[in-house]
Amino acid sequence: MPITQIFDIPPAPCVAIAGQEHVFPVRRVFCVGRNYAAHAAEMGNEVDRDAPFYFTKSAHSVIPSGSEIAYPPGTSDCHYEMEFVVAIGGEAHQVEQGRALDAVFGYACGIDLTRRDLQATAKATHKPWDLGKDFENSALMGAITPAEVFGAVGERAITLDLDGRRVQEARLSDMIWSVPEIIAHLSRYYHLASGDLIYTGTPAGVGPVVPGSLLSGAVDGLEPITLTIAG
């Protein structure tokens, strides 16, 4: 007797690739915590320089640039976090830093939405961050620029505007853990593979959104992103 599913589930979301008709299917979403010292300080946290740490989001939290979403449920303090995203396009397991970039397909702009009040409660009670971080529409993703087009990460600017006002601004070189370091470390614990995304952390300047907010993010050399919180 053939095995059939009792119901259908949505297919994996896909992300646009700049200048191509192909799309990038999303497998998993990893996020690096406290990867900019100034952001860690504004949140009252010490930077852990021994090793990066991570949280995850469901692939189905990913939405495309230009989306308009409702204010997230269960929170009264939803924050924006602008991020530089690495799209994995190969296998990486126990990889050395010197070979880590071989697994990179490309890069994109992203926004990690956070239910800050729920995250704060989880921190205070020593519980996981899932309710604060992993929820529908919480991972905005721009079009991916292939690595060979983007070139070296270097000191490119990363910025976010809220309703036309600059609220986040830093350099990718400000990251505590570089892209090769992150991939090499994460690959000790996961078999990274095509379709995985890594959100590499946010600079200082995070803050709340409200109904009607318009977010506009950019990284030099990447397609910019926008997100509207419905009024």
# chains A, B, ... in the order shown; residues from 1 in each chain; ligands from 1
$ closest_atom_pairs --of "stretch 48-156 of chain A" --to "stretch 25-33 of chain A" --cutoff "6 Å" --atoms "only C-alpha atoms" --output "CSV"
residue,atom,partner,partner_atom,distance
A:Phe53,CA,A:Gly33,CA,5.8
A:Tyr54,CA,A:Val32,CA,4.6
A:Phe55,CA,A:Cys31,CA,5.3
A:Thr56,CA,A:Phe30,CA,4.7
A:Lys57,CA,A:Val29,CA,5.3
A:Ala59,CA,A:Arg28,CA,5.3
$ write_last_selection --atoms "N, CA and C atoms" --output "mmCIF file, in the first residue's frame"
data_model
loop_
_atom_site.group_PDB
_atom_site.id
_atom_site.type_symbol
_atom_site.label_atom_id
_atom_site.label_comp_id
_atom_site.auth_asym_id
_atom_site.auth_seq_id
_atom_site.Cartn_x
_atom_site.Cartn_y
_atom_site.Cartn_z
ATOM 1 N N PHE A 53 27.269 32.516 19.499
ATOM 2 C CA PHE A 53 26.129 31.688 19.877
ATOM 3 C C PHE A 53 24.972 32.001 18.942
ATOM 4 N N TYR A 54 23.979 31.110 18.932
ATOM 5 C CA TYR A 54 22.955 31.139 17.897
ATOM 6 C C TYR A 54 21.560 30.911 18.463
ATOM 7 N N PHE A 55 20.585 31.370 17.699
ATOM 8 C CA PHE A 55 19.205 30.930 17.850
ATOM 9 C C PHE A 55 18.702 30.629 16.447
ATOM 10 N N THR A 56 17.558 30.006 16.338
ATOM 11 C CA THR A 56 17.043 29.621 15.025
ATOM 12 C C THR A 56 15.645 30.178 14.802
ATOM 13 N N LYS A 57 15.275 30.249 13.541
ATOM 14 C CA LYS A 57 13.921 30.590 13.144
ATOM 15 C C LYS A 57 13.439 29.528 12.162
ATOM 16 N N ALA A 59 12.000 28.134 8.748
ATOM 17 C CA ALA A 59 12.078 28.606 7.370
ATOM 18 C C ALA A 59 10.817 29.366 6.976
#
$ residues_around --residues "A:Leu160" --least-positions-apart "3" --cutoff "10 Å" --atoms "only C-alpha atoms" --output "PyMOL selection string"
chain A and resi 80-83+111+163-170+203+205-206+215-219+224-226
$ write_last_selection --atoms "N, CA and C atoms" --output "PDB file, in the first residue's frame"
ATOM      1  N   TYR A  80      12.844  45.989  15.427  1.00  0.00           N
ATOM      2  CA  TYR A  80      13.561  45.711  14.192  1.00  0.00           C
ATOM      3  C   TYR A  80      15.026  45.432  14.524  1.00  0.00           C
ATOM      4  N   GLU A  81      15.670  44.585  13.716  1.00  0.00           N
ATOM      5  CA  GLU A  81      17.103  44.334  13.798  1.00  0.00           C
ATOM      6  C   GLU A  81      17.623  44.113  12.377  1.00  0.00           C
ATOM      7  N   MET A  82      18.338  45.076  11.849  1.00  0.00           N
ATOM      8  CA  MET A  82      18.888  44.974  10.499  1.00  0.00           C
ATOM      9  C   MET A  82      20.069  44.011  10.490  1.00  0.00           C
ATOM     10  N   GLU A  83      20.158  43.140   9.456  1.00  0.00           N
ATOM     11  CA  GLU A  83      21.205  42.125   9.438  1.00  0.00           C
ATOM     12  C   GLU A  83      21.766  41.889   8.031  1.00  0.00           C
ATOM     13  N   ILE A 111      16.050  41.508   7.847  1.00  0.00           N
ATOM     14  CA  ILE A 111      15.593  42.119   9.099  1.00  0.00           C
ATOM     15  C   ILE A 111      15.050  41.018   9.989  1.00  0.00           C
ATOM     16  N   ASP A 163      10.925  55.004   9.070  1.00  0.00           N
ATOM     17  CA  ASP A 163      10.111  56.150   8.649  1.00  0.00           C
ATOM     18  C   ASP A 163      10.989  57.302   8.163  1.00  0.00           C
ATOM     19  N   GLY A 164      12.047  56.953   7.410  1.00  0.00           N
ATOM     20  CA  GLY A 164      12.903  57.957   6.819  1.00  0.00           C
ATOM     21  C   GLY A 164      13.985  58.497   7.727  1.00  0.00           C
ATOM     22  N   ARG A 165      14.091  57.993   8.943  1.00  0.00           N
ATOM     23  CA  ARG A 165      15.105  58.457   9.895  1.00  0.00           C
ATOM     24  C   ARG A 165      16.128  57.356  10.128  1.00  0.00           C
ATOM     25  N   ARG A 166      17.415  57.674   9.984  1.00  0.00           N
ATOM     26  CA  ARG A 166      18.480  56.690  10.158  1.00  0.00           C
ATOM     27  C   ARG A 166      18.556  56.271  11.631  1.00  0.00           C
ATOM     28  N   VAL A 167      18.390  54.978  11.885  1.00  0.00           N
ATOM     29  CA  VAL A 167      18.410  54.474  13.262  1.00  0.00           C
ATOM     30  C   VAL A 167      19.526  53.456  13.511  1.00  0.00           C
ATOM     31  N   GLN A 168      20.010  52.787  12.458  1.00  0.00           N
ATOM     32  CA  GLN A 168      21.114  51.853  12.598  1.00  0.00           C
ATOM     33  C   GLN A 168      22.142  52.138  11.520  1.00  0.00           C
ATOM     34  N   GLU A 169      23.410  52.156  11.908  1.00  0.00           N
ATOM     35  CA  GLU A 169      24.482  52.391  10.938  1.00  0.00           C
ATOM     36  C   GLU A 169      25.781  51.829  11.502  1.00  0.00           C
ATOM     37  N   ALA A 170      26.436  50.977  10.741  1.00  0.00           N
ATOM     38  CA  ALA A 170      27.695  50.379  11.160  1.00  0.00           C
ATOM     39  C   ALA A 170      28.429  49.891   9.920  1.00  0.00           C
ATOM     40  N   PRO A 203      23.601  45.643  14.274  1.00  0.00           N
ATOM     41  CA  PRO A 203      24.314  46.741  14.934  1.00  0.00           C
ATOM     42  C   PRO A 203      23.455  47.401  16.013  1.00  0.00           C
ATOM     43  N   GLY A 205      21.255  50.381  17.827  1.00  0.00           N
ATOM     44  CA  GLY A 205      20.190  51.245  17.328  1.00  0.00           C
ATOM     45  C   GLY A 205      18.860  50.559  17.155  1.00  0.00           C
ATOM     46  N   VAL A 206      18.731  49.322  17.660  1.00  0.00           N
ATOM     47  CA  VAL A 206      17.452  48.628  17.535  1.00  0.00           C
ATOM     48  C   VAL A 206      16.376  49.378  18.319  1.00  0.00           C
ATOM     49  N   LEU A 215      10.150  50.339   7.305  1.00  0.00           N
ATOM     50  CA  LEU A 215      11.562  50.032   7.495  1.00  0.00           C
ATOM     51  C   LEU A 215      12.247  49.939   6.144  1.00  0.00           C
ATOM     52  N   SER A 216      13.422  50.564   6.025  1.00  0.00           N
ATOM     53  CA  SER A 216      14.208  50.519   4.787  1.00  0.00           C
ATOM     54  C   SER A 216      15.648  50.208   5.158  1.00  0.00           C
ATOM     55  N   GLY A 217      16.149  49.048   4.707  1.00  0.00           N
ATOM     56  CA  GLY A 217      17.493  48.619   5.069  1.00  0.00           C
ATOM     57  C   GLY A 217      18.392  48.485   3.864  1.00  0.00           C
ATOM     58  N   ALA A 218      19.711  48.610   4.104  1.00  0.00           N
ATOM     59  CA  ALA A 218      20.661  48.519   3.003  1.00  0.00           C
ATOM     60  C   ALA A 218      22.019  48.045   3.498  1.00  0.00           C
ATOM     61  N   VAL A 219      22.723  47.366   2.610  1.00  0.00           N
ATOM     62  CA  VAL A 219      24.144  47.040   2.760  1.00  0.00           C
ATOM     63  C   VAL A 219      24.798  47.389   1.437  1.00  0.00           C
ATOM     64  N   PRO A 224      18.568  46.763  -1.685  1.00  0.00           N
ATOM     65  CA  PRO A 224      17.959  47.210  -0.424  1.00  0.00           C
ATOM     66  C   PRO A 224      16.638  46.491  -0.163  1.00  0.00           C
ATOM     67  N   ILE A 225      16.144  46.631   1.082  1.00  0.00           N
ATOM     68  CA  ILE A 225      14.912  45.968   1.485  1.00  0.00           C
ATOM     69  C   ILE A 225      13.958  46.948   2.145  1.00  0.00           C
ATOM     70  N   THR A 226      12.680  46.627   2.074  1.00  0.00           N
ATOM     71  CA  THR A 226      11.667  47.423   2.774  1.00  0.00           C
ATOM     72  C   THR A 226      10.660  46.494   3.435  1.00  0.00           C
TER      73      THR A 226
END
$ atom_distance --atom1 "atom CA of A:Arg188" --atom2 "atom CA of A:Ser58"
20.7 Å
$ select_by_dssp --residues "stretch 18-228 of chain A" --states "strand (DSSP E or B)" --output "NGL selection string"
:A and (23-25 or 28-33 or 36 or 53-57 or 62-64 or 67-69 or 78-80 or 82-88 or 92 or 104-112 or 114-115 or 139-141 or 144-146 or 157-162 or 165-171 or 175 or 192 or 196-199 or 207-208 or 214-219 or 225-228)
$ residues_around --residues "A:Gly195" --least-positions-apart "3" --cutoff "12 Å" --atoms "only C-alpha atoms" --output "NGL selection string"
:A and (12-15 or 23-30 or 59 or 86-92 or 103-106 or 144 or 191-192 or 198)
